[in-house]
$ cat entry_10.csv   # CSV, C-alpha atoms
chain,number,residue,atom,x,y,z
N,1,MET,CA,-20.0,62.1,-26.3
N,2,SER,CA,-21.4,59.3,-28.6
N,3,VAL,CA,-19.7,55.9,-28.9
N,4,PRO,CA,-18.8,54.7,-32.4
N,5,GLU,CA,-21.0,52.0,-33.9
N,6,ASP,CA,-18.3,49.3,-34.1
N,7,GLU,CA,-17.3,49.9,-30.5
N,8,THR,CA,-20.9,49.7,-29.3
N,9,ILE,CA,-21.5,46.4,-31.0
N,10,ARG,CA,-18.3,45.0,-29.7
N,11,ASN,CA,-19.3,46.1,-26.2
N,12,LEU,CA,-22.6,44.3,-26.6
N,13,GLU,CA,-20.9,41.1,-27.9
N,14,HIS,CA,-18.4,41.2,-25.1
N,15,ALA,CA,-21.2,41.6,-22.5
N,16,LEU,CA,-23.2,38.8,-23.9
N,17,THR,CA,-20.1,36.5,-24.1
N,18,LYS,CA,-19.3,37.2,-20.5
N,19,ALA,CA,-22.9,36.6,-19.4
N,20,HIS,CA,-22.8,33.3,-21.3
N,21,ARG,CA,-19.5,32.2,-19.7
N,22,GLU,CA,-20.6,33.1,-16.2
N,23,ARG,CA,-23.8,31.1,-16.5
N,24,GLN,CA,-24.7,28.8,-13.6
N,25,PRO,CA,-25.8,25.4,-14.9
N,26,PRO,CA,-28.6,23.8,-12.8
N,27,PRO,CA,-27.4,21.0,-10.5
N,28,LEU,CA,-28.5,17.5,-11.5
N,29,GLU,CA,-29.5,15.7,-8.3
N,30,GLN,CA,-29.5,12.0,-7.4
N,31,GLU,CA,-33.3,11.9,-8.2
N,32,TRP,CA,-32.4,12.9,-11.8
N,33,THR,CA,-29.7,10.2,-11.9
N,34,ASP,CA,-32.2,7.6,-10.8
N,35,ARG,CA,-34.6,8.6,-13.5
N,36,VAL,CA,-31.9,8.3,-16.2
N,37,MET,CA,-30.9,4.9,-14.8
N,38,TRP,CA,-34.6,3.8,-14.8
N,39,ALA,CA,-34.9,4.7,-18.5
N,40,ILE,CA,-31.6,2.9,-19.3
N,41,ARG,CA,-32.6,-0.3,-17.5
N,42,ARG,CA,-36.0,-0.2,-19.2
N,43,GLN,CA,-34.4,0.2,-22.6
N,44,GLU,CA,-31.9,-2.6,-21.7
N,45,VAL,CA,-34.7,-5.0,-21.0
N,46,ARG,CA,-36.4,-4.1,-24.3
N,47,THR,CA,-33.4,-4.5,-26.5
N,48,ARG,CA,-31.7,-7.5,-24.8
N,49,PRO,CA,-31.4,-10.4,-27.2
N,50,VAL,CA,-33.6,-13.3,-26.2
N,51,SER,CA,-32.6,-17.0,-26.7
N,52,THR,CA,-35.0,-19.6,-28.1
N,53,ARG,CA,-34.9,-21.5,-24.8
N,54,VAL,CA,-36.0,-18.4,-22.9
N,55,VAL,CA,-38.8,-17.8,-25.5
N,56,LEU,CA,-39.9,-21.4,-25.1
N,57,ASP,CA,-39.8,-21.2,-21.3
N,58,ARG,CA,-41.8,-18.0,-21.4
N,59,PHE,CA,-44.4,-19.6,-23.8
N,60,ILE,CA,-44.8,-22.6,-21.5
N,61,TRP,CA,-45.3,-20.6,-18.4
N,62,GLN,CA,-47.7,-18.2,-20.1
N,63,THR,CA,-49.9,-21.0,-21.5
N,64,ALA,CA,-49.5,-23.4,-18.5
N,65,SER,CA,-52.7,-22.2,-16.8
N,66,ALA,CA,-54.8,-22.3,-19.9
N,67,ALA,CA,-53.5,-25.8,-20.8
N,68,ALA,CA,-54.2,-27.0,-17.2
N,69,ALA,CA,-57.8,-25.6,-17.4
N,70,LEU,CA,-58.4,-27.3,-20.7
N,71,ALA,CA,-57.0,-30.6,-19.4
N,72,LEU,CA,-59.3,-30.4,-16.4
N,73,ILE,CA,-62.4,-29.7,-18.5
N,74,LEU,CA,-61.6,-32.6,-20.8
N,75,THR,CA,-61.0,-35.0,-17.9
N,76,LEU,CA,-64.3,-33.9,-16.2
N,77,SER,CA,-66.3,-34.3,-19.4
N,78,LEU,CA,-64.9,-37.8,-20.0
N,79,LEU,CA,-65.7,-38.7,-16.4
N,80,VAL,CA,-69.2,-37.5,-16.7
N,81,MET,CA,-69.8,-39.2,-20.0
N,82,SER,CA,-68.5,-42.5,-18.6
N,83,MET,CA,-70.9,-42.3,-15.7
N,84,ILE,CA,-74.1,-41.7,-17.8
N,85,PRO,CA,-75.8,-45.1,-18.6
N,86,PRO,CA,-76.4,-45.8,-22.3
N,87,ARG,CA,-79.9,-44.9,-23.5
N,88,GLY,CA,-82.6,-47.7,-24.2
N,89,GLY,CA,-83.4,-46.8,-27.8
N,90,ILE,CA,-80.0,-47.2,-29.0
N,91,SER,CA,-79.5,-50.6,-27.2
N,92,LEU,CA,-82.7,-52.0,-28.7
N,93,VAL,CA,-81.7,-51.1,-32.2
N,94,ALA,CA,-78.3,-52.6,-31.5
N,95,GLU,CA,-80.0,-55.8,-30.3
N,96,GLU,CA,-82.2,-56.0,-33.4
N,97,VAL,CA,-79.3,-55.6,-35.7
N,98,GLU,CA,-77.3,-58.3,-33.8
N,99,SER,CA,-80.2,-60.8,-33.7
N,100,GLY,CA,-81.1,-60.6,-37.4
N,101,SER,CA,-79.5,-63.1,-39.8
N,102,LEU,CA,-76.8,-61.8,-41.9
N,103,PHE,CA,-77.7,-63.9,-44.9
N,104,LEU,CA,-81.1,-64.6,-46.3
N,105,GLU,CA,-81.9,-68.2,-46.5
A,1,MET,CA,-7.2,20.3,-21.6
A,2,ASP,CA,-10.0,22.2,-23.4
A,3,LYS,CA,-13.3,23.4,-21.9
A,4,TYR,CA,-14.9,20.0,-22.4
A,5,GLY,CA,-12.3,18.1,-20.5
A,6,ALA,CA,-13.6,16.6,-17.3
A,7,PRO,CA,-12.8,18.7,-14.3
A,8,GLN,CA,-9.9,17.1,-12.2
A,9,LEU,CA,-12.1,17.3,-9.1
A,10,HIS,CA,-14.6,14.9,-10.5
A,11,ASN,CA,-12.3,12.1,-11.6
A,12,HIS,CA,-12.1,10.3,-8.4
A,13,SER,CA,-14.7,11.9,-6.2
A,14,PRO,CA,-17.9,12.1,-8.2
A,15,ALA,CA,-19.7,15.4,-7.7
A,16,GLY,CA,-23.4,15.0,-7.0
A,17,ALA,CA,-22.9,11.4,-5.9
A,18,VAL,CA,-25.1,10.6,-3.0
A,19,SER,CA,-23.7,7.9,-0.8
A,20,ARG,CA,-26.1,5.1,-0.4
A,21,GLU,CA,-26.1,3.8,3.1
A,22,ALA,CA,-27.2,0.4,1.9
A,23,ARG,CA,-24.1,-0.2,-0.2
A,24,PRO,CA,-21.3,2.3,0.7
A,25,GLU,CA,-18.6,-0.3,0.1
A,26,ALA,CA,-19.8,-1.0,-3.4
A,27,MET,CA,-20.0,2.7,-4.1
A,28,ARG,CA,-16.4,3.2,-2.9
A,29,GLU,CA,-15.2,0.3,-5.1
A,30,ARG,CA,-17.0,1.8,-8.1
A,31,SER,CA,-15.5,5.2,-7.5
A,32,ALA,CA,-12.0,3.7,-7.5
A,33,LEU,CA,-12.5,2.4,-11.1
A,34,SER,CA,-11.4,4.5,-14.0
A,35,ASP,CA,-13.8,5.6,-16.8
A,36,GLU,CA,-12.3,3.0,-19.1
A,37,GLU,CA,-12.7,0.2,-16.6
A,38,LEU,CA,-16.3,1.2,-15.9
A,39,ILE,CA,-17.1,1.4,-19.6
A,40,ARG,CA,-15.7,-2.1,-20.3
A,41,LEU,CA,-17.8,-3.5,-17.4
A,42,VAL,CA,-21.0,-1.7,-18.6
A,43,VAL,CA,-20.5,-3.0,-22.1
A,44,ALA,CA,-20.1,-6.5,-20.6
A,45,ARG,CA,-23.7,-6.0,-19.4
A,46,ASP,CA,-23.1,-4.6,-15.9
A,47,VAL,CA,-25.7,-1.8,-16.5
A,48,ASP,CA,-25.7,-0.6,-12.9
A,49,LEU,CA,-22.1,0.7,-13.2
A,50,PHE,CA,-23.3,3.3,-15.7
A,51,GLU,CA,-24.7,5.2,-12.7
A,52,THR,CA,-21.2,5.9,-11.5
A,53,LEU,CA,-20.3,7.3,-15.0
A,54,ILE,CA,-23.4,9.5,-14.8
A,55,GLN,CA,-22.6,10.8,-11.4
A,56,ARG,CA,-19.0,11.5,-12.4
A,57,HIS,CA,-19.9,13.4,-15.6
A,58,ALA,CA,-23.3,14.9,-14.8
A,59,ASN,CA,-21.9,18.4,-14.0
A,60,HIS,CA,-19.7,18.3,-17.1
A,61,VAL,CA,-22.7,17.5,-19.3
A,62,SER,CA,-25.0,20.0,-17.5
A,63,ARG,CA,-22.4,22.7,-18.1
A,64,ILE,CA,-22.2,22.0,-21.9
A,65,VAL,CA,-26.0,21.6,-22.3
A,66,SER,CA,-26.8,24.8,-20.3
A,67,GLY,CA,-24.7,26.7,-22.8
A,68,HIS,CA,-27.0,25.7,-25.6
A,69,VAL,CA,-30.6,25.2,-24.3
A,70,PRO,CA,-32.7,27.2,-21.8
A,71,SER,CA,-31.9,26.4,-18.2
A,72,GLU,CA,-35.3,24.7,-17.5
A,73,GLN,CA,-34.6,22.2,-20.4
A,74,VAL,CA,-31.2,21.2,-19.2
A,75,PRO,CA,-32.3,18.2,-17.1
A,76,GLU,CA,-34.3,16.8,-19.9
A,77,VAL,CA,-31.6,17.2,-22.6
A,78,ALA,CA,-28.9,16.0,-20.3
A,79,HIS,CA,-31.1,12.9,-19.6
A,80,GLU,CA,-31.2,12.3,-23.4
A,81,VAL,CA,-27.4,12.7,-23.6
A,82,PHE,CA,-26.8,10.0,-21.1
A,83,VAL,CA,-29.3,7.6,-22.7
A,84,LYS,CA,-27.7,8.2,-26.1
A,85,ALA,CA,-24.2,7.7,-24.5
A,86,TYR,CA,-25.3,4.4,-23.0
A,87,THR,CA,-26.9,3.2,-26.3
A,88,SER,CA,-23.7,3.9,-28.3
A,89,LEU,CA,-21.2,3.0,-25.6
A,90,GLY,CA,-20.3,-0.1,-27.6
A,91,THR,CA,-18.9,2.2,-30.3
A,92,TYR,CA,-16.6,4.1,-27.9
A,93,ALA,CA,-13.2,3.3,-29.2
A,94,PHE,CA,-11.1,4.6,-26.2
A,95,GLU,CA,-9.2,6.8,-28.6
A,96,GLN,CA,-10.2,10.1,-27.0
A,97,PRO,CA,-11.0,10.7,-23.3
A,98,PHE,CA,-14.5,9.8,-22.3
A,99,PRO,CA,-15.5,13.4,-21.4
A,100,HIS,CA,-14.6,14.5,-25.0
A,101,TRP,CA,-16.7,11.7,-26.5
A,102,LEU,CA,-19.6,12.7,-24.1
A,103,ALA,CA,-19.2,16.4,-25.1
A,104,THR,CA,-19.7,15.4,-28.8
A,105,ILE,CA,-22.9,13.6,-27.9
A,106,ALA,CA,-24.1,16.5,-25.7
A,107,VAL,CA,-23.5,19.1,-28.5
A,108,ARG,CA,-25.2,17.0,-31.1
A,109,THR,CA,-28.1,16.4,-28.9
A,110,CYS,CA,-28.5,20.1,-28.3
A,111,TYR,CA,-28.4,20.7,-32.1
A,112,ASP,CA,-31.1,18.0,-32.5
A,113,TYR,CA,-33.1,19.9,-29.8
A,114,TRP,CA,-33.0,23.1,-31.8
A,115,ARG,CA,-33.7,21.5,-35.1
A,116,ALA,CA,-36.8,19.9,-33.7
A,117,ARG,CA,-37.9,23.2,-32.2
A,118,HIS,CA,-37.2,25.0,-35.5
A,119,LYS,CA,-39.3,22.5,-37.4
A,120,SER,CA,-42.2,22.9,-35.0
A,121,GLU,CA,-42.0,26.7,-35.3
A,122,VAL,CA,-42.2,27.6,-31.7
A,123,PRO,CA,-43.0,31.3,-31.4
A,124,ILE,CA,-40.1,33.5,-30.3
A,125,SER,CA,-40.7,35.8,-27.4
A,126,ALA,CA,-40.4,39.5,-27.9
A,127,LEU,CA,-37.8,41.7,-26.3
A,128,THR,CA,-39.2,43.7,-23.3
A,129,THR,CA,-38.5,47.4,-22.6
A,130,ASP,CA,-36.1,46.4,-19.8
A,131,HIS,CA,-34.0,44.4,-22.2
A,132,GLN,CA,-34.0,47.2,-24.8
A,133,ASN,CA,-32.9,49.6,-22.2
A,134,TRP,CA,-30.1,47.2,-21.2
A,135,ILE,CA,-28.9,47.0,-24.8
A,136,ASP,CA,-28.8,50.8,-25.0
A,137,ARG,CA,-26.9,51.1,-21.7
A,138,VAL,CA,-24.2,48.5,-22.8
A,139,ARG,CA,-23.8,50.4,-26.1
A,140,ALA,CA,-23.3,53.6,-24.2
A,141,SER,CA,-21.1,52.2,-21.5
A,142,GLN,CA,-17.6,53.8,-21.6
A,143,SER,CA,-16.0,52.7,-18.3
A,144,ASP,CA,-14.9,49.2,-17.4
A,145,GLU,CA,-16.7,49.3,-14.1
A,146,GLU,CA,-20.0,50.1,-15.7
A,147,PHE,CA,-19.5,47.4,-18.3
A,148,PHE,CA,-18.7,44.7,-15.8
A,149,GLU,CA,-21.7,45.6,-13.8
A,150,LEU,CA,-23.9,45.3,-16.9
A,151,HIS,CA,-22.8,41.9,-18.1
A,152,ARG,CA,-23.8,40.4,-14.7
A,153,GLN,CA,-27.3,41.5,-14.9
A,154,GLN,CA,-30.1,39.1,-15.7
A,155,GLU,CA,-31.0,41.1,-18.8
A,156,ALA,CA,-27.8,40.0,-20.4
A,157,ALA,CA,-28.8,36.3,-20.4
A,158,ALA,CA,-32.3,37.2,-21.5
A,159,VAL,CA,-31.1,39.3,-24.4
A,160,LEU,CA,-28.6,36.6,-25.5
A,161,HIS,CA,-31.4,34.0,-25.4
A,162,TRP,CA,-33.7,36.3,-27.4
A,163,ALA,CA,-31.0,37.0,-30.0
A,164,LEU,CA,-30.0,33.4,-30.4
A,165,ALA,CA,-33.6,32.3,-30.8
A,166,ARG,CA,-33.6,34.4,-34.0
A,167,LEU,CA,-30.8,32.4,-35.6
A,168,SER,CA,-31.1,29.1,-37.5
A,169,PRO,CA,-30.2,26.0,-35.5
A,170,GLU,CA,-26.9,25.7,-37.5
A,171,ASN,CA,-25.9,29.3,-36.9
A,172,ARG,CA,-26.9,29.2,-33.3
A,173,MET,CA,-24.7,26.1,-32.6
A,174,VAL,CA,-21.7,27.5,-34.4
A,175,LEU,CA,-22.0,30.9,-32.8
A,176,THR,CA,-22.3,29.4,-29.4
A,177,LEU,CA,-19.4,27.1,-29.8
A,178,VAL,CA,-17.0,29.4,-31.6
A,179,HIS,CA,-17.8,32.9,-30.4
A,180,LEU,CA,-19.4,32.4,-27.0
A,181,ASP,CA,-17.6,29.3,-25.7
A,182,GLY,CA,-14.3,30.2,-27.5
A,183,HIS,CA,-13.7,26.9,-29.2
A,184,SER,CA,-11.5,26.8,-32.3
A,185,VAL,CA,-13.1,26.2,-35.6
A,186,ARG,CA,-11.5,22.7,-35.7
A,187,GLU,CA,-12.9,21.8,-32.3
A,188,ALA,CA,-16.4,23.0,-33.2
A,189,ALA,CA,-16.2,21.0,-36.4
A,190,THR,CA,-15.3,17.9,-34.5
A,191,LEU,CA,-18.0,18.4,-31.9
A,192,LEU,CA,-20.7,18.9,-34.6
A,193,GLY,CA,-19.3,16.4,-37.0
A,194,TRP,CA,-19.1,19.0,-39.8
A,195,SER,CA,-16.3,20.0,-42.1
A,196,VAL,CA,-13.9,22.8,-40.9
A,197,VAL,CA,-14.8,24.9,-44.0
A,198,ASN,CA,-18.5,24.7,-43.2
A,199,VAL,CA,-18.0,25.8,-39.6
A,200,LYS,CA,-15.7,28.6,-40.7
A,201,VAL,CA,-18.2,30.0,-43.2
A,202,ARG,CA,-21.1,29.6,-40.7
A,203,ALA,CA,-19.2,31.2,-37.9
A,204,HIS,CA,-18.7,34.3,-40.0
A,205,ARG,CA,-22.3,34.4,-41.2
A,206,ALA,CA,-23.7,33.7,-37.7
A,207,ARG,CA,-21.8,36.6,-36.2
A,208,GLN,CA,-23.0,38.9,-38.9
A,209,ALA,CA,-26.5,37.7,-38.4
A,210,LEU,CA,-26.3,38.3,-34.6
A,211,ARG,CA,-24.9,41.8,-35.2
A,212,THR,CA,-27.8,42.6,-37.5
A,213,ILE,CA,-30.3,41.4,-35.0
A,214,LEU,CA,-28.7,43.4,-32.2
A,215,LEU,CA,-28.3,46.6,-34.3
A,216,LYS,CA,-32.0,46.5,-35.3
A,217,GLU,CA,-32.9,46.9,-31.6
A,218,ARG,CA,-32.1,50.5,-31.4

$ encode --input "entry_10.csv" --output "structure tokens"
Amino acid sequence: MSVPEDETIRNLEHALTKAHRERQPPPLEQEWTDRVMWAIRRQEVRTRPVSTRVVLDRFIWQTASAAAALALILTLSLLVMSMIPPRGGISLVAEEVESGSLFLE
Amino acid sequence: MDKYGAPQLHNHSPAGAVSREARPEAMRERSALSDEELIRLVVARDVDLFETLIQRHANHVSRIVSGHVPSEQVPEVAHEVFVKAYTSLGTYAFEQPFPHWLATIAVRTCYDYWRARHKSEVPISALTTDHQNWIDRVRASQSDEEFFELHRQQEAAAVLHWALARLSPENRMVLTLVHLDGHSVREAATLLGWSVVNVKVRAHRARQALRTILLKER
């Protein structure tokens, strides 16, 4: 005995609906929760509004080592320069200039 | 309470919550807080408390998402749902229960998932001989016993997945919500953020489209 078309399609729809309603969703474990929280915390850090003071603090700390290195180089170079005696040529010229009369008589 | 209401069991004893030995006291205190209290604290920048909300509603979201996307994609889509929920938590107005609000985000995220897949034109798998045989047996089944045995088989889920993959993302969402989940047109419209008329028209068209797809497999 053949089943009418309407009834067959209704049977099919009914079977599919029941299969859908009896589905077993996969369990979401603690590891999954940890991953979600990690993503949320990361996003929170990225989107958190930053105050000017924090930006300034961050800038100072980021540039502190470079500034210290530059200050050290400048100090050392000044120290080295002060320890080198003045060269003879320059002092002779200086003496000649100083000994000459300023006005022609 | 409709299907998307939070199960009573999970309101005070979060399912899936793993007690952490390092801070069991803190966990107990968190569990005692209501959803509303937790949300207010999270919005006030206590991000860690959002974990309790996740643990409390993970099964609820997993159940909704598994009705719309393939089972292997459920963790990924549910992940996206909670990240979206956290991002828009400031807009939650406490006018509807939190599980309902979460259900709206879950359904819309699933819709976005199918729209993205539809745009990228992912190839649709073909129906195997086993699946075609299953369809023929369901059509021919005349006794209730035979029918109940058939809907439990794995082929049922595979055939449903195959048929839904042939629908547009819009038809697929409406058909799943209205015909498979059994939501009213108004509930489906609220979940999707569409007009009632739009959902009503789509529900009719989607059912016709599904019937055409199933009838072609003869």

$ residues_around --input "entry_10.csv" --residues "Glu80 in chain A" --least-positions-apart "4" --cutoff "12 Å" --atoms "all atoms listed in the file" --output "list in words"
Trp32, Thr33, Arg35, Val36, Met37, Ala39 and Ile40 of chain N; Ile54, Ala58, Val61, Ser62, Val65, Gln73, Val74, Pro75, Glu76, Lys84, Ala85, Tyr86, Thr87, Leu102, Ile105, Ala106, Val107, Arg108, Thr109, Cys110, Asp112 and Tyr113 of chain A

$ atom_distance --input "entry_10.csv" --atom1 "CA of Ala156 in chain A" --atom2 "CA of Ile213 in chain A"
14.9 Å

$ atom_distance --input "entry_10.csv" --atom1 "CA of Pro27 in chain N" --atom2 "CA of Phe82 in chain A"
15.3 Å

$ closest_residue --input "entry_10.csv" --among "A:Asp181, A:Asp46, A:Glu37, A:Glu170" --to "chain N" --atoms "all atoms listed in the file"
A:Asp181

$ closest_atom_pairs --input "entry_10.csv" --of "chain N" --to "chain A" --cutoff "10 Å" --atoms "only C-alpha atoms" --output "CSV"
residue,atom,partner,partner_atom,distance
N:Met1,CA,A:Ala140,CA,9.4
N:Ser2,CA,A:Ala140,CA,7.4
N:Val3,CA,A:Ala140,CA,6.4
N:Pro4,CA,A:Arg139,CA,9.1
N:Glu5,CA,A:Arg139,CA,8.4
N:Asp6,CA,A:Arg139,CA,9.8
N:Glu7,CA,A:Arg139,CA,7.9
N:Thr8,CA,A:Arg139,CA,4.4
N:Ile9,CA,A:Arg139,CA,6.7
N:Arg10,CA,A:Arg139,CA,8.5
N:Asn11,CA,A:Arg139,CA,6.2
N:Leu12,CA,A:Val138,CA,5.9
N:Glu13,CA,A:Arg211,CA,8.4
N:His14,CA,A:His151,CA,8.3
N:Ala15,CA,A:His151,CA,4.7
N:Leu16,CA,A:Ala156,CA,5.9
N:Thr17,CA,A:Leu180,CA,5.1
N:Lys18,CA,A:His151,CA,6.3
N:Ala19,CA,A:His151,CA,5.5
N:His20,CA,A:Leu180,CA,6.7
N:Arg21,CA,A:Asp181,CA,6.9
N:Glu22,CA,A:Arg152,CA,8.1
N:Arg23,CA,A:Gly67,CA,7.7
N:Gln24,CA,A:Arg63,CA,7.9
N:Pro25,CA,A:Arg63,CA,5.4
N:Pro26,CA,A:Ser71,CA,6.8
N:Pro27,CA,A:Asn59,CA,7.0
N:Leu28,CA,A:Ala58,CA,6.7
N:Glu29,CA,A:Gly16,CA,6.3
N:Gln30,CA,A:Val18,CA,6.4
N:Glu31,CA,A:Val18,CA,9.8
N:Trp32,CA,A:Pro75,CA,7.5
N:Thr33,CA,A:Ile54,CA,7.0
N:Asp34,CA,A:Glu51,CA,8.1
N:Arg35,CA,A:His79,CA,8.2
N:Val36,CA,A:His79,CA,5.8
N:Met37,CA,A:Glu51,CA,6.6
N:Ala39,CA,A:Val83,CA,7.6
N:Ile40,CA,A:Val83,CA,6.2
N:Arg41,CA,A:Val47,CA,7.1
N:Gln43,CA,A:Thr87,CA,8.9
N:Glu44,CA,A:Val47,CA,8.1
N:Arg48,CA,A:Arg45,CA,9.8

$ atom_distance --input "entry_10.csv" --atom1 "CA of Leu38 in chain A" --atom2 "CA of Ser51 in chain N"
26.7 Å

$ axis_aligned_box --input "entry_10.csv" --around "range 57-67 of chain N" --padding-each-side "5 Å" --output "AutoDock Vina command-line options"
--center_x -47.3 --center_y -21.9 --center_z -20.3 --size_x 25.0 --size_y 17.8 --size_z 17.0

$ residues_around --input "entry_10.csv" --residues "Phe98 in chain A" --least-positions-apart "5" --cutoff "10 Å" --atoms "all atoms listed in the file" --output "list in words"
Gly5, Ala6, Asp35, Glu36, Ile39, Leu53, His57, Tyr92, Ala93 and Ala103 of chain A

$ write_last_selection --input "entry_10.csv" --atoms "C-alpha atoms" --output "compact mmCIF listing (two decimals), in the coordinates of the input"
# COMPACT_ATOMS: atom_id res chain seq x y z
CA GLY A 5 -12.30 18.10 -20.50
CA ALA A 6 -13.60 16.60 -17.30
CA ASP A 35 -13.80 5.60 -16.80
CA GLU A 36 -12.30 3.00 -19.10
CA ILE A 39 -17.10 1.40 -19.60
CA LEU A 53 -20.30 7.30 -15.00
CA HIS A 57 -19.90 13.40 -15.60
CA TYR A 92 -16.60 4.10 -27.90
CA ALA A 93 -13.20 3.30 -29.20
CA ALA A 103 -19.20 16.40 -25.10
